[in-house]
Every structure is written in C-alpha cells, then in structure tokens.
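Q: Here you go, structure_7.csv (CSV, C-alpha atoms (C1' of nucleotides)):
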```
chain,number,residue,atom,x,y,z
A,2,MET,CA,144.8,106.4,91.4
A,3,ALA,CA,142.2,107.9,93.6
A,4,GLU,CA,140.3,105.9,96.2
A,5,GLU,CA,142.8,103.3,97.1
A,6,HIS,CA,140.8,102.5,100.2
A,7,HIS,CA,137.9,101.5,97.9
A,8,PRO,CA,139.1,98.5,96.0
A,9,ASP,CA,136.8,98.0,93.0
A,10,HIS,CA,135.5,94.7,94.2
A,11,ALA,CA,134.6,95.9,97.7
A,12,PRO,CA,130.9,96.5,98.5
A,13,LEU,CA,129.7,99.8,97.3
A,14,GLU,CA,128.9,102.3,100.0
A,15,LEU,CA,125.7,103.8,98.7
A,16,GLU,CA,125.7,106.7,101.1
A,17,ASN,CA,129.1,107.8,99.7
A,18,PHE,CA,128.4,107.0,96.1
A,19,LEU,CA,128.0,110.2,94.3
A,20,PRO,CA,125.3,109.3,91.8
A,21,TYR,CA,123.2,107.9,94.6
A,22,ARG,CA,123.7,111.0,96.7
A,23,LEU,CA,122.8,113.2,93.8
A,24,SER,CA,119.7,111.2,93.2
A,25,ILE,CA,118.5,111.3,96.9
A,26,LEU,CA,119.1,115.0,97.1
A,27,SER,CA,117.6,115.9,93.8
A,28,ASN,CA,114.5,113.8,94.5
A,29,ALA,CA,114.1,115.3,98.0
A,30,VAL,CA,114.3,118.9,96.6
A,31,SER,CA,112.1,118.4,93.6
A,32,GLN,CA,109.6,116.5,95.5
A,33,ALA,CA,109.3,119.0,98.2
A,34,ILE,CA,108.5,121.7,95.6
A,35,ALA,CA,106.2,119.5,93.6
A,36,ASP,CA,104.2,118.5,96.6
A,37,ASP,CA,103.6,122.1,97.2
A,38,TYR,CA,102.1,123.0,93.8
A,39,GLN,CA,100.5,119.6,93.4
A,40,ARG,CA,98.5,120.1,96.6
A,41,ARG,CA,97.5,123.6,95.7
A,42,PHE,CA,96.8,123.3,92.0
A,43,ASP,CA,96.8,119.6,91.2
A,44,LEU,CA,99.7,120.3,88.9
A,45,SER,CA,102.2,117.6,88.2
A,46,MET,CA,105.9,118.3,87.8
A,47,THR,CA,105.9,117.7,84.1
A,48,GLU,CA,102.9,120.0,83.7
A,49,TRP,CA,104.5,122.7,85.7
A,50,ARG,CA,107.7,122.5,83.6
A,51,VAL,CA,105.7,122.9,80.5
A,52,MET,CA,104.0,126.0,81.9
A,53,ALA,CA,107.3,127.5,83.0
A,54,VAL,CA,108.7,127.1,79.6
A,55,LEU,CA,105.7,128.6,77.9
A,56,ALA,CA,105.8,131.6,80.3
A,57,ARG,CA,109.2,132.4,78.9
A,58,PHE,CA,108.7,131.4,75.3
A,59,ASP,CA,105.3,132.1,74.0
A,60,GLY,CA,104.2,130.3,70.8
A,61,LEU,CA,106.4,127.3,71.0
A,62,SER,CA,105.3,124.0,69.4
A,63,ALA,CA,105.1,120.9,71.5
A,64,ARG,CA,108.3,119.6,70.1
A,65,GLU,CA,110.1,122.8,71.1
A,66,VAL,CA,108.6,122.5,74.6
A,67,ALA,CA,110.0,119.0,74.8
A,68,GLU,CA,113.4,120.1,73.8
A,69,ARG,CA,113.5,122.9,76.3
A,70,THR,CA,112.2,120.8,79.2
A,71,LEU,CA,114.3,117.7,78.2
A,72,MET,CA,111.1,115.7,78.5
A,73,ASP,CA,110.0,113.3,75.8
A,74,LYS,CA,107.3,114.2,73.4
A,75,VAL,CA,104.8,111.8,74.8
A,76,ALA,CA,105.1,113.3,78.3
A,77,VAL,CA,104.7,116.7,76.8
A,78,SER,CA,101.7,115.7,74.8
A,79,ARG,CA,100.0,114.3,77.8
A,80,ALA,CA,100.8,117.3,80.0
A,81,LEU,CA,99.5,119.6,77.2
A,82,SER,CA,96.2,117.8,76.8
A,83,LYS,CA,95.6,118.2,80.5
A,84,LEU,CA,96.7,121.9,80.6
A,85,VAL,CA,94.6,122.8,77.6
A,86,GLU,CA,91.6,121.1,79.1
A,87,THR,CA,92.0,122.9,82.4
A,88,GLY,CA,92.3,126.1,80.4
A,89,TRP,CA,95.8,127.1,81.6
A,90,VAL,CA,97.4,126.7,78.2
A,91,THR,CA,96.1,127.7,74.8
A,92,ARG,CA,96.7,125.7,71.7
A,93,ALA,CA,96.3,126.8,68.1
A,94,ILE,CA,97.4,125.4,64.9
A,95,HIS,CA,100.4,126.9,63.1
A,96,ASP,CA,99.3,128.5,59.9
A,97,GLY,CA,101.6,127.2,57.2
A,98,ASP,CA,102.1,123.9,59.0
A,99,LYS,CA,99.0,122.1,60.2
A,100,ARG,CA,101.0,119.5,62.1
A,101,ARG,CA,102.5,122.0,64.4
A,102,SER,CA,100.8,123.5,67.4
A,103,VAL,CA,101.2,127.0,68.7
A,104,LEU,CA,101.1,127.1,72.5
A,105,GLY,CA,100.9,129.7,75.1
A,106,LEU,CA,99.7,130.4,78.6
A,107,SER,CA,96.1,131.7,79.0
A,108,GLU,CA,95.2,134.4,81.5
A,109,ALA,CA,94.4,131.7,84.0
A,110,GLY,CA,97.6,130.0,83.2
A,111,TRP,CA,99.5,133.2,83.9
A,112,ALA,CA,97.7,133.5,87.2
A,113,ILE,CA,98.9,130.1,88.3
A,114,HIS,CA,102.4,131.0,87.1
A,115,GLU,CA,102.4,134.1,89.3
A,116,VAL,CA,101.8,131.9,92.3
A,117,VAL,CA,104.0,128.9,91.5
A,118,ALA,CA,107.1,130.7,90.2
A,119,PRO,CA,107.7,132.6,93.4
A,120,MET,CA,106.9,129.5,95.4
A,121,ALA,CA,109.5,127.6,93.5
A,122,ARG,CA,112.0,130.3,93.8
A,123,GLU,CA,111.4,130.4,97.5
A,124,HIS,CA,112.3,126.7,97.8
A,125,GLU,CA,115.4,127.3,95.8
A,126,ARG,CA,116.5,130.3,98.0
A,127,ASN,CA,115.8,128.2,101.0
A,128,LEU,CA,118.0,125.5,99.7
A,129,MET,CA,120.8,127.9,98.8
A,130,SER,CA,120.6,129.5,102.2
A,131,LYS,CA,122.1,126.4,103.6
A,132,LEU,CA,125.3,127.3,101.8
A,133,ASP,CA,127.6,130.3,102.3
A,134,GLU,CA,128.5,132.6,99.4
A,135,GLU,CA,131.6,130.7,98.5
A,136,GLU,CA,129.9,127.4,98.5
A,137,ARG,CA,127.1,128.7,96.3
A,138,THR,CA,129.6,130.0,93.8
A,139,TRP,CA,131.4,126.6,93.7
A,140,LEU,CA,128.2,124.7,93.4
A,141,LEU,CA,127.1,126.6,90.3
A,142,ARG,CA,130.5,126.3,88.8
A,143,ILE,CA,130.6,122.6,89.4
A,144,LEU,CA,127.2,122.1,88.0
A,145,ASP,CA,128.2,123.9,84.9
A,146,LYS,CA,131.2,121.6,84.4
A,147,LEU,CA,129.3,118.4,85.1
A,148,GLN,CA,126.4,119.4,82.9
A,149,ALA,CA,128.7,120.4,80.0
A,150,ILE,CA,129.6,116.8,79.7
A,151,GLU,CA,126.7,114.6,80.7
A,152,PRO,CA,123.9,115.7,78.4
A,153,LYS,CA,125.8,114.0,75.6
B,19,MET,CA,118.9,140.0,99.0
B,20,ALA,CA,120.4,137.8,96.3
B,21,GLU,CA,118.9,137.6,92.8
B,22,GLU,CA,117.5,141.1,92.4
B,23,HIS,CA,117.6,140.6,88.7
B,24,HIS,CA,115.0,137.7,89.1
B,25,PRO,CA,111.9,139.3,90.4
B,26,ASP,CA,109.7,136.7,91.8
B,27,HIS,CA,107.0,137.1,89.3
B,28,ALA,CA,109.2,136.8,86.3
B,29,PRO,CA,109.1,133.6,84.3
B,30,LEU,CA,111.3,130.9,85.8
B,31,GLU,CA,114.4,130.1,83.8
B,32,LEU,CA,114.4,126.4,84.2
B,33,GLU,CA,118.0,126.0,83.0
B,34,ASN,CA,119.2,128.2,85.8
B,35,PHE,CA,116.8,126.8,88.4
B,36,LEU,CA,118.8,124.7,90.8
B,37,PRO,CA,116.3,122.0,91.5
B,38,TYR,CA,115.8,121.4,87.8
B,39,ARG,CA,119.5,121.3,87.1
B,40,LEU,CA,120.1,118.8,89.9
B,41,SER,CA,117.3,116.7,88.6
B,42,ILE,CA,118.6,116.7,85.0
B,43,LEU,CA,122.1,115.9,86.1
B,44,SER,CA,121.1,113.3,88.6
B,45,ASN,CA,118.9,111.5,86.1
B,46,ALA,CA,121.5,111.6,83.4
B,47,VAL,CA,124.2,110.1,85.7
B,48,SER,CA,122.0,107.5,87.3
B,49,GLN,CA,120.4,106.5,84.1
B,50,ALA,CA,123.8,106.0,82.3
B,51,ILE,CA,124.9,103.6,85.0
B,52,ALA,CA,121.5,101.8,85.2
B,53,ASP,CA,121.4,101.4,81.4
B,54,ASP,CA,124.7,99.6,81.7
B,55,TYR,CA,123.8,97.0,84.3
B,56,GLN,CA,120.2,96.8,83.0
B,57,ARG,CA,121.5,95.8,79.6
B,58,ARG,CA,124.0,93.3,80.9
B,59,PHE,CA,122.0,91.7,83.7
B,60,ASP,CA,118.4,92.8,83.4
B,61,LEU,CA,118.8,94.4,86.8
B,62,SER,CA,116.7,97.5,87.7
B,63,MET,CA,118.1,100.4,89.7
B,64,THR,CA,116.1,99.4,92.8
B,65,GLU,CA,117.2,95.8,92.5
B,66,TRP,CA,120.8,96.9,92.2
B,67,ARG,CA,120.5,99.1,95.3
B,68,VAL,CA,119.1,96.2,97.3
B,69,MET,CA,122.1,94.1,96.2
B,70,ALA,CA,124.6,96.8,97.0
B,71,VAL,CA,123.2,97.1,100.5
B,72,LEU,CA,123.2,93.4,101.1
B,73,ALA,CA,126.8,93.2,99.9
B,74,ARG,CA,127.7,95.4,102.8
B,75,PHE,CA,125.3,94.3,105.4
B,76,ASP,CA,124.5,90.6,105.4
B,77,GLY,CA,121.4,89.3,107.1
B,78,LEU,CA,119.3,92.5,107.0
B,79,SER,CA,115.6,92.3,107.0
B,80,ALA,CA,113.5,93.8,104.2
B,81,ARG,CA,112.7,96.8,106.4
B,82,GLU,CA,116.3,97.4,107.1
B,83,VAL,CA,117.1,97.3,103.4
B,84,ALA,CA,114.4,99.8,102.8
B,85,GLU,CA,115.8,102.1,105.5
B,86,ARG,CA,119.3,101.9,104.1
B,87,THR,CA,118.3,102.5,100.5
B,88,LEU,CA,115.6,105.1,101.3
B,89,MET,CA,113.2,103.2,99.2
B,90,ASP,CA,109.8,102.3,100.4
B,91,LYS,CA,109.0,98.8,101.6
B,92,VAL,CA,106.8,98.0,98.6
B,93,ALA,CA,109.6,98.7,96.2
B,94,VAL,CA,112.0,96.6,98.3
B,95,SER,CA,109.5,93.8,98.5
B,96,ARG,CA,109.1,93.7,94.8
B,97,ALA,CA,112.8,93.9,94.1
B,98,LEU,CA,113.4,91.1,96.6
B,99,SER,CA,110.9,88.8,95.1
B,100,LYS,CA,112.6,89.1,91.8
B,101,LEU,CA,116.1,88.8,93.2
B,102,VAL,CA,115.2,85.7,95.2
B,103,GLU,CA,113.6,84.2,92.2
B,104,THR,CA,116.6,84.8,90.0
B,105,GLY,CA,118.7,83.3,92.8
B,106,TRP,CA,120.9,86.3,93.5
B,107,VAL,CA,119.5,86.9,96.9
B,108,THR,CA,118.8,84.3,99.6
B,109,ARG,CA,115.9,84.7,102.0
B,110,ALA,CA,115.4,82.9,105.2
B,111,ILE,CA,113.0,83.5,108.1
B,112,HIS,CA,114.4,85.0,111.3
B,113,ASP,CA,114.2,82.5,114.1
B,114,GLY,CA,112.5,84.2,117.0
B,115,ASP,CA,110.5,86.5,114.7
B,116,LYS,CA,108.7,84.7,111.9
B,117,ARG,CA,107.6,88.0,110.3
B,118,ARG,CA,111.2,89.1,109.6
B,119,SER,CA,113.2,87.9,106.7
B,120,VAL,CA,116.9,87.4,106.8
B,121,LEU,CA,118.5,88.4,103.5
B,122,GLY,CA,121.8,88.0,101.9
B,123,LEU,CA,123.6,87.7,98.5
B,124,SER,CA,124.0,84.2,97.1
B,125,GLU,CA,127.1,83.0,95.4
B,126,ALA,CA,125.6,84.1,92.1
B,127,GLY,CA,124.6,87.4,93.6
B,128,TRP,CA,128.2,88.0,94.7
B,129,ALA,CA,129.3,87.3,91.2
B,130,ILE,CA,127.0,89.9,89.8
B,131,HIS,CA,128.1,92.3,92.4
B,132,GLU,CA,131.7,91.8,91.5
B,133,VAL,CA,130.9,93.0,88.0
B,134,VAL,CA,128.5,95.8,88.7
B,135,ALA,CA,130.2,97.5,91.6
B,136,PRO,CA,133.4,98.2,89.7
B,137,MET,CA,131.3,99.3,86.7
B,138,ALA,CA,129.4,101.8,89.0
B,139,ARG,CA,132.6,103.0,90.5
B,140,GLU,CA,134.1,103.6,87.1
B,141,HIS,CA,131.1,105.8,86.1
B,142,GLU,CA,131.5,107.7,89.3
B,143,ARG,CA,135.3,108.2,88.7
B,144,ASN,CA,134.5,109.2,85.2
B,145,LEU,CA,132.1,111.9,86.4
B,146,MET,CA,134.5,113.1,89.1
B,147,SER,CA,137.3,113.3,86.6
B,148,LYS,CA,135.5,116.3,85.0
B,149,LEU,CA,136.3,118.2,88.1
B,150,ASP,CA,139.7,119.2,89.5
B,151,GLU,CA,140.7,118.4,93.0
B,152,GLU,CA,139.5,121.6,94.5
B,153,GLU,CA,136.1,121.3,92.9
B,154,ARG,CA,135.7,117.7,94.1
B,155,THR,CA,136.4,118.7,97.6
B,156,TRP,CA,133.9,121.5,97.5
B,157,LEU,CA,131.3,119.3,95.9
B,158,LEU,CA,131.4,116.7,98.7
B,159,ARG,CA,131.3,119.4,101.3
B,160,ILE,CA,128.3,121.0,99.6
B,161,LEU,CA,126.5,117.8,99.3
B,162,ASP,CA,127.1,117.1,103.0
B,163,LYS,CA,125.6,120.4,103.9
B,164,LEU,CA,122.6,120.1,101.7
B,165,GLN,CA,121.9,116.6,102.7
B,166,ALA,CA,122.2,117.4,106.3
B,167,ILE,CA,119.1,119.5,105.9
B,168,GLU,CA,116.8,118.1,103.2
B,169,PRO,CA,116.2,114.5,104.4
B,170,LYS,CA,113.9,115.9,107.1
C,137,DT,C1',103.7,116.6,39.7
C,138,DG,C1',103.7,112.4,42.7
C,139,DC,C1',105.7,109.3,45.8
C,140,DA,C1',109.1,108.0,49.4
C,141,DA,C1',110.9,109.7,53.6
C,142,DA,C1',110.7,112.8,57.5
C,143,DT,C1',108.3,115.4,61.0
C,144,DG,C1',104.7,116.8,64.7
C,145,DG,C1',101.8,114.9,67.5
C,146,DT,C1',98.6,111.3,69.7
C,147,DT,C1',97.3,106.7,71.0
C,148,DT,C1',98.3,102.1,72.5
C,149,DC,C1',100.3,98.9,75.3
C,150,DA,C1',103.4,97.1,78.5
C,151,DT,C1',105.9,98.2,82.8
C,152,DA,C1',106.9,100.9,86.9
C,153,DT,C1',105.6,103.2,91.0
C,154,DG,C1',102.9,104.8,95.1
C,155,DT,C1',99.0,104.3,98.3
C,156,DA,C1',96.1,101.8,100.8
C,157,DA,C1',94.3,97.6,102.3
C,158,DC,C1',95.4,93.2,104.0
C,159,DT,C1',97.8,88.9,106.4
C,160,DA,C1',100.6,87.1,109.8
C,161,DT,C1',103.2,87.5,113.7
C,162,DA,C1',104.8,89.8,117.8
C,163,DA,C1',104.6,93.1,121.7
C,164,DC,C1',102.1,95.5,125.2
C,165,DG,C1',98.9,96.4,129.0
C,166,DC,C1',95.9,94.7,132.2
D,88,DG,C1',96.5,84.5,129.5
D,89,DC,C1',94.0,87.6,126.3
D,90,DG,C1',92.5,91.4,123.7
D,91,DT,C1',94.5,95.6,121.6
D,92,DT,C1',98.0,97.7,119.1
D,93,DA,C1',102.2,97.7,116.4
D,94,DT,C1',105.3,95.7,113.0
D,95,DA,C1',107.1,92.9,108.7
D,96,DG,C1',105.9,92.0,104.5
D,97,DT,C1',102.7,91.2,100.5
D,98,DT,C1',98.8,92.1,97.5
D,99,DA,C1',95.6,95.0,94.9
D,100,DC,C1',94.5,99.0,92.7
D,101,DA,C1',95.1,103.2,90.6
D,102,DT,C1',98.3,106.3,88.2
D,103,DA,C1',102.6,107.4,85.8
D,104,DT,C1',105.9,106.6,82.5
D,105,DG,C1',108.4,104.9,78.2
D,106,DA,C1',108.6,102.6,73.7
D,107,DA,C1',106.6,101.6,69.7
D,108,DA,C1',102.9,101.9,66.5
D,109,DC,C1',100.2,105.1,64.4
D,110,DC,C1',97.9,109.3,61.7
D,111,DA,C1',98.3,113.5,59.4
D,112,DT,C1',100.9,116.6,57.1
D,113,DT,C1',105.0,118.3,55.0
D,114,DT,C1',109.4,117.9,52.6
D,115,DG,C1',112.7,116.2,49.3
D,116,DC,C1',113.5,114.8,45.0
D,117,DA,C1',113.2,111.9,40.7
```
Spell out the structure here as structure tokens.

A:
Amino acid sequence: MAEEHHPDHAPLELENFLPYRLSILSNAVSQAIADDYQRRFDLSMTEWRVMAVLARFDGLSAREVAERTLMDKVAVSRALSKLVETGWVTRAIHDGDKRRSVLGLSEAGWAIHEVVAPMAREHERNLMSKLDEEERTWLLRILDKLQAIEPK
Amino acid sequence: MAEEHHPDHAPLELENFLPYRLSILSNAVSQAIADDYQRRFDLSMTEWRVMAVLARFDGLSAREVAERTLMDKVAVSRALSKLVETGWVTRAIHDGDKRRSVLGLSEAGWAIHEVVAPMAREHERNLMSKLDEEERTWLLRILDKLQAIEPK
DNA sequence: TGCAAATGGTTTCATATGTAACTATAACGC
DNA sequence: GCGTTATAGTTACATATGAAACCATTTGCA
C-alpha cells in the first residue's frame, strides 16, 4: 500500500530509487578508497580484498579466499597470480592434496597491509563521521537486516 | 575515539567493513533487478538507466542523460547507439545546435518501460519490506546524509 | 582396484568498461 | 569575419570481467 503517489507505470525517479542510490553511494565510497591504494601500490580492489582476507586467515586455499571475498574463482586466480608475482603473497601446495594451494602474506605483503588497512579504516571513519551516533547504530542494524536476506 | 578494539594495524574484517558491506549489498540488489530485465529484454543496466531518465525527461541531449545517470558520456553514447538501433529510443538533431542530439522514448520504448519500471519498483518494495517503518525512515535519512557528502 | 564424477585452479574467449584521441560544430575574443 | 578555445558526441585502444572449457588431482563407489 506504500507509495500511492508513485503509480507503478509512472517514470522511475532514479534519484529516489533505492537500488540506484545504493549503487551510487557504494561506488563512490569504494572507488575513493581504491583510488588511494591503487595510486600508491598499483593494487586493484580485488587484489586488496584477497590480501585483507589472507591477513586474517593464513593458509587459505584459493577457493576459500573466493568464498570469503564473495568474488568468483577466476577473479581470485588472477589476483593471486599477480600478488604472487609481485611477492606480496606466498603460494605453496597443500600436502595431501596437490590441487589445493596454501596461501599467505609475505613479509612484503604484511608491510603493504600495514599501510593500506589503516588507510581503509580512515576512509570508513570519515564516512561514518557524517552520521551521528544514533544514525550509525541504525545503519548497522539496517545493513544486518538487508544482508540477512539478499545473499540468497 | 570509536573502535578501540580495532587497532589500525590489525587485519581488516571485510565483513564488518562498511564500504565492503555496501558494495556487496548494492551489487546483490542491482544485479537481481538487472538479471530480470536483462533476461526478458536483453537490456543492460546502463541502457535501462538511460531509458528511465528519458521516460521522465523527454528531449534531453546525451550529455544531459549522462549527467542525470551519473554515467560517463562514452557509456551513454554506447547505450544510445544500441537503444536507437533496437528502436526503443528516438534520436534527432537539435535545431540551432547540430552537435546536440534530442532524445526520447519511442512507442516501443514506452512499452518496455511500462514493464520494467513496475518490475524495478517491485524489487525495491521487496527490499524495503525487510525493514520496519522506523528503519525505512532512518535508512532514507542516512542515505541523504551520506550522499550529501560523497558525490564531491 | 579402476573408472566415473567431483573439485581446485587456470586458460580462453567474448563482452564490458574507462581513458584518451578524434570529428564536427558552436562560442568567444579581437 | 576569423582564429582560438570549448563543447557534443563517437571511435579506438587498452584493460577488466564473466562464462565456459579445460587440466590435474582426488573422491566415491561398483
């Protein structure tokens, strides 16, 4: 019954259309951060996400990285081949299963992480600072609810 | 002073990192809708956005479409050339300025719009229905605040 | 065992996207 | 008027992305 003033056949107002708004906001935020580490380390967003996951979970396989980042395995494979080549990620073969790789950050990889993680957090803090405490709380709660559904 | 339990150098928890969460949510939502009209009309997201804007504002130029959709002019140009070819958008030349095009939906374009706009709204409603009234209000308010800043 | 099916990962190919260069026209300054 | 600069839009190129085919290995099971 909501939205009587928006008959279904009327032209869509993009700027009030929630999915569109989310998309614009999300792209602006992520891109701002990515531009930052891209410029400084020539690191793509997918590559950074792989590194972030490996910083938390050492020894994952590529498939597990894909699961945790919600990226597809091809993207992960490509990111890894670049990260291994630049020497930020180490890759060994699982003993007991020669298909599986065993991944981790190298020393150099950790050094990058030490710079990028705070930078990312700073962007996040900056974004959150536009909201007051009450809004922040609601936002997190709302995200929880929406995300509980969507990732079917 | 927030987030003391997240020292800056600690590994980033992607699943609690706001930009990442926004990105995942936004992609899931937009993709679900796009899959829908893509399958039925072989319409890409950029193409649909162009059509949605032309449904509201008849006679825009390509540049104006780009402004309103926040897409870059190349993307718009490509979308338009396909839409004009399929006959869903009409393109004339502005009299008085031969560089400028004058765009609008064709009959067939309107027919597509009549199907896709309600479908999009239905997805949006469905998403919003996961929230209660209070949460919906906060969400819109929060988006307003965040968007007032980001699109620098 | 041994062979079909499943799994981890990479490669290939087709498509999408962004940046820069380009074309045509219009606006501006003298 | 006329050369310079700006603007609308397209094209070209380089890179990113996704789907499907592929290879190697492992698992399931007769």

Q: Within 8 Å of chain B, which residues belong to chain A? Use only C-alpha atoms and report them as number ranges by chain.

A: A: 9-15, 18-24, 26-31, 50, 53-54, 56-57, 70, 114-116, 118-119, 122, 125, 128, 131-132, 136, 139-140, 143-144, 146-148, 150-152

Q: Output the coordinates of chain A after least-squares fitting to chain B on all in-order C-alpha pairs, as a compact mmCIF listing (two decimals) with C-alpha atoms, in the frame of the given file.

A:
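Written out: superposed_26.txt:
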```
# COMPACT_ATOMS: atom_id res chain seq x y z
CA MET A 2 118.31 140.08 99.04
CA ALA A 3 119.91 137.88 96.51
CA GLU A 4 118.75 137.71 92.90
CA GLU A 5 117.42 141.14 92.40
CA HIS A 6 117.49 140.58 88.66
CA HIS A 7 114.99 137.73 89.18
CA PRO A 8 111.85 139.35 90.45
CA ASP A 9 109.65 136.63 91.97
CA HIS A 10 106.91 137.06 89.44
CA ALA A 11 109.18 136.85 86.39
CA PRO A 12 109.15 133.60 84.36
CA LEU A 13 111.29 130.96 85.86
CA GLU A 14 114.40 130.11 83.91
CA LEU A 15 114.44 126.36 84.16
CA GLU A 16 117.97 125.98 82.92
CA ASN A 17 119.18 128.16 85.84
CA PHE A 18 116.85 126.79 88.44
CA LEU A 19 118.84 124.72 90.76
CA PRO A 20 116.39 121.94 91.56
CA TYR A 21 115.79 121.43 87.87
CA ARG A 22 119.50 121.33 87.15
CA LEU A 23 120.05 118.87 89.93
CA SER A 24 117.30 116.71 88.61
CA ILE A 25 118.61 116.70 84.94
CA LEU A 26 122.10 115.91 86.08
CA SER A 27 121.19 113.29 88.58
CA ASN A 28 118.89 111.54 86.10
CA ALA A 29 121.54 111.65 83.34
CA VAL A 30 124.19 110.08 85.67
CA SER A 31 122.01 107.45 87.23
CA GLN A 32 120.51 106.51 84.01
CA ALA A 33 123.74 106.11 82.27
CA ILE A 34 124.88 103.64 84.98
CA ALA A 35 121.58 101.85 85.13
CA ASP A 36 121.44 101.33 81.43
CA ASP A 37 124.71 99.64 81.70
CA TYR A 38 123.77 96.99 84.29
CA GLN A 39 120.23 96.73 83.00
CA ARG A 40 121.49 95.71 79.56
CA ARG A 41 123.98 93.27 80.94
CA PHE A 42 122.04 91.68 83.77
CA ASP A 43 118.45 92.83 83.40
CA LEU A 44 118.83 94.45 86.78
CA SER A 45 116.75 97.45 87.63
CA MET A 46 118.09 100.33 89.69
CA THR A 47 116.06 99.48 92.72
CA GLU A 48 117.21 95.86 92.50
CA TRP A 49 120.79 96.85 92.20
CA ARG A 50 120.52 99.13 95.27
CA VAL A 51 119.14 96.31 97.25
CA MET A 52 122.03 94.07 96.24
CA ALA A 53 124.59 96.74 97.07
CA VAL A 54 123.19 97.13 100.47
CA LEU A 55 123.11 93.43 101.15
CA ALA A 56 126.75 93.10 99.97
CA ARG A 57 127.70 95.39 102.81
CA PHE A 58 125.24 94.27 105.43
CA ASP A 59 124.52 90.64 105.37
CA GLY A 60 121.37 89.40 107.17
CA LEU A 61 119.32 92.52 107.03
CA SER A 62 115.50 92.31 107.02
CA ALA A 63 113.57 93.90 104.22
CA ARG A 64 112.62 96.79 106.37
CA GLU A 65 116.28 97.48 107.16
CA VAL A 66 117.08 97.29 103.43
CA ALA A 67 114.40 99.89 102.82
CA GLU A 68 115.78 102.18 105.39
CA ARG A 69 119.29 101.96 104.08
CA THR A 70 118.30 102.44 100.43
CA LEU A 71 115.66 105.15 101.26
CA MET A 72 113.26 103.17 99.11
CA ASP A 73 109.78 102.30 100.31
CA LYS A 74 108.96 98.89 101.54
CA VAL A 75 106.81 97.99 98.62
CA ALA A 76 109.63 98.71 96.14
CA VAL A 77 111.92 96.66 98.26
CA SER A 78 109.52 93.80 98.47
CA ARG A 79 109.09 93.70 94.78
CA ALA A 80 112.83 93.93 94.07
CA LEU A 81 113.41 91.11 96.62
CA SER A 82 110.87 88.76 95.10
CA LYS A 83 112.59 89.16 91.77
CA LEU A 84 116.15 88.79 93.20
CA VAL A 85 115.23 85.72 95.19
CA GLU A 86 113.62 84.15 92.18
CA THR A 87 116.65 84.80 90.00
CA GLY A 88 118.73 83.29 92.78
CA TRP A 89 120.93 86.35 93.46
CA VAL A 90 119.58 86.91 96.94
CA THR A 91 118.77 84.40 99.65
CA ARG A 92 115.89 84.77 102.00
CA ALA A 93 115.30 82.96 105.27
CA ILE A 94 113.03 83.51 108.09
CA HIS A 95 114.33 85.07 111.30
CA ASP A 96 114.18 82.57 114.09
CA GLY A 97 112.49 84.29 116.99
CA ASP A 98 110.43 86.49 114.68
CA LYS A 99 108.59 84.78 111.86
CA ARG A 100 107.54 88.06 110.28
CA ARG A 101 111.04 89.13 109.62
CA SER A 102 113.18 87.95 106.76
CA VAL A 103 116.89 87.38 106.81
CA LEU A 104 118.50 88.36 103.51
CA GLY A 105 121.80 87.98 101.93
CA LEU A 106 123.55 87.68 98.61
CA SER A 107 124.00 84.14 97.16
CA GLU A 108 127.19 83.07 95.41
CA ALA A 109 125.63 84.11 92.14
CA GLY A 110 124.57 87.32 93.65
CA TRP A 111 128.13 88.01 94.74
CA ALA A 112 129.30 87.28 91.24
CA ILE A 113 127.04 89.92 89.79
CA HIS A 114 128.18 92.32 92.52
CA GLU A 115 131.81 91.81 91.51
CA VAL A 116 130.94 92.97 88.04
CA VAL A 117 128.49 95.80 88.76
CA ALA A 118 130.29 97.48 91.67
CA PRO A 119 133.41 98.23 89.70
CA MET A 120 131.30 99.27 86.74
CA ALA A 121 129.47 101.71 88.90
CA ARG A 122 132.57 102.99 90.45
CA GLU A 123 134.01 103.51 87.03
CA HIS A 124 131.09 105.77 86.07
CA GLU A 125 131.54 107.69 89.24
CA ARG A 126 135.34 108.19 88.65
CA ASN A 127 134.54 109.23 85.16
CA LEU A 128 132.16 111.79 86.41
CA MET A 129 134.57 113.10 89.02
CA SER A 130 137.32 113.32 86.46
CA LYS A 131 135.51 116.21 84.97
CA LEU A 132 136.33 118.17 88.09
CA ASP A 133 139.73 119.22 89.47
CA GLU A 134 140.80 118.31 93.01
CA GLU A 135 139.49 121.49 94.51
CA GLU A 136 136.18 121.22 92.86
CA ARG A 137 135.76 117.62 93.99
CA THR A 138 136.49 118.61 97.56
CA TRP A 139 133.88 121.43 97.40
CA LEU A 140 131.32 119.23 95.80
CA LEU A 141 131.47 116.65 98.58
CA ARG A 142 131.41 119.32 101.19
CA ILE A 143 128.41 120.96 99.64
CA LEU A 144 126.59 117.74 99.32
CA ASP A 145 127.16 117.05 102.93
CA LYS A 146 125.64 120.40 103.93
CA LEU A 147 122.65 120.12 101.62
CA GLN A 148 121.95 116.55 102.63
CA ALA A 149 122.20 117.36 106.37
CA ILE A 150 119.12 119.41 105.96
CA GLU A 151 116.89 117.96 103.27
CA PRO A 152 116.26 114.41 104.44
CA LYS A 153 114.08 115.90 107.15
```

Q: Return the neighbours of chain A among the residues of chain C, cut-off 8 Å, counting all atoms listed in the file, as a list in words.

A: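 Per the criterion, chain C yields DG144, DG145 and DT146 of chain C.
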
Q: D:DA103, D:DA95, D:DC89, D:DC110: which is nearest chain B, counting all atoms listed in the file?

A: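 Of D:DA103, D:DA95, D:DC89, D:DC110, the one nearest chain B, counting all atoms listed in the file, is D:DA95.
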
Q: Mind giving me the straight-line distance from atom CA of A:Ala76 to atom C1' of C:DT147 in Å, one decimal?

A: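 Computed distance, atom CA of A:Ala76 to atom C1' of C:DT147, equals 12.6 Å.
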
Q: Which value, in Å to one decimal, gives the distance between atom CA of A:Ala112 and atom CA of A:Val66?

A: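 Atom-to-atom, atom CA of A:Ala112 and atom CA of A:Val66 are spaced 20.0 Å apart.
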
Q: Could you name the residues that touch D:DA106 at 12 Å or less, counting all atoms listed in the file, but leaving out those on the same chain fewer than 2 positions away, as a PDB file with C-alpha atoms (C1' of nucleotides), keeping the file's coordinate frame?

A:
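The result, stored in out.pdb:
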```pdb
ATOM      1  CA  ASP A  73     110.000 113.300  75.800  1.00  0.00           C
ATOM      2  CA  LYS A  74     107.300 114.200  73.400  1.00  0.00           C
ATOM      3  CA  VAL A  75     104.800 111.800  74.800  1.00  0.00           C
TER       4      VAL A  75
ATOM      5  C1'  DT C 148      98.300 102.100  72.500  1.00  0.00           C
ATOM      6  C1'  DC C 149     100.300  98.900  75.300  1.00  0.00           C
ATOM      7  C1'  DA C 150     103.400  97.100  78.500  1.00  0.00           C
ATOM      8  C1'  DT C 151     105.900  98.200  82.800  1.00  0.00           C
TER       9       DT C 151
ATOM     10  C1'  DT D 104     105.900 106.600  82.500  1.00  0.00           C
ATOM     11  C1'  DA D 108     102.900 101.900  66.500  1.00  0.00           C
TER      12       DA D 108
END
```

Q: Find the residues of chain D in contact range of chain A, meaning any atom within 9 Å when counting all atoms listed in the file, and list them as a ChimeraX atom specification.

A: /D:104-105,111-113

Q: How many Å lie between atom C1' of D:DT91 and atom C1' of C:DG165, rounded to one decimal?

A: 8.6 Å

Q: Could you give me, as number ranges by chain, the residues within 6 Å of B:Leu78, counting all atoms listed in the file and dropping anything in the same chain fewer than 4 positions from it?

A: B: 82, 120-121
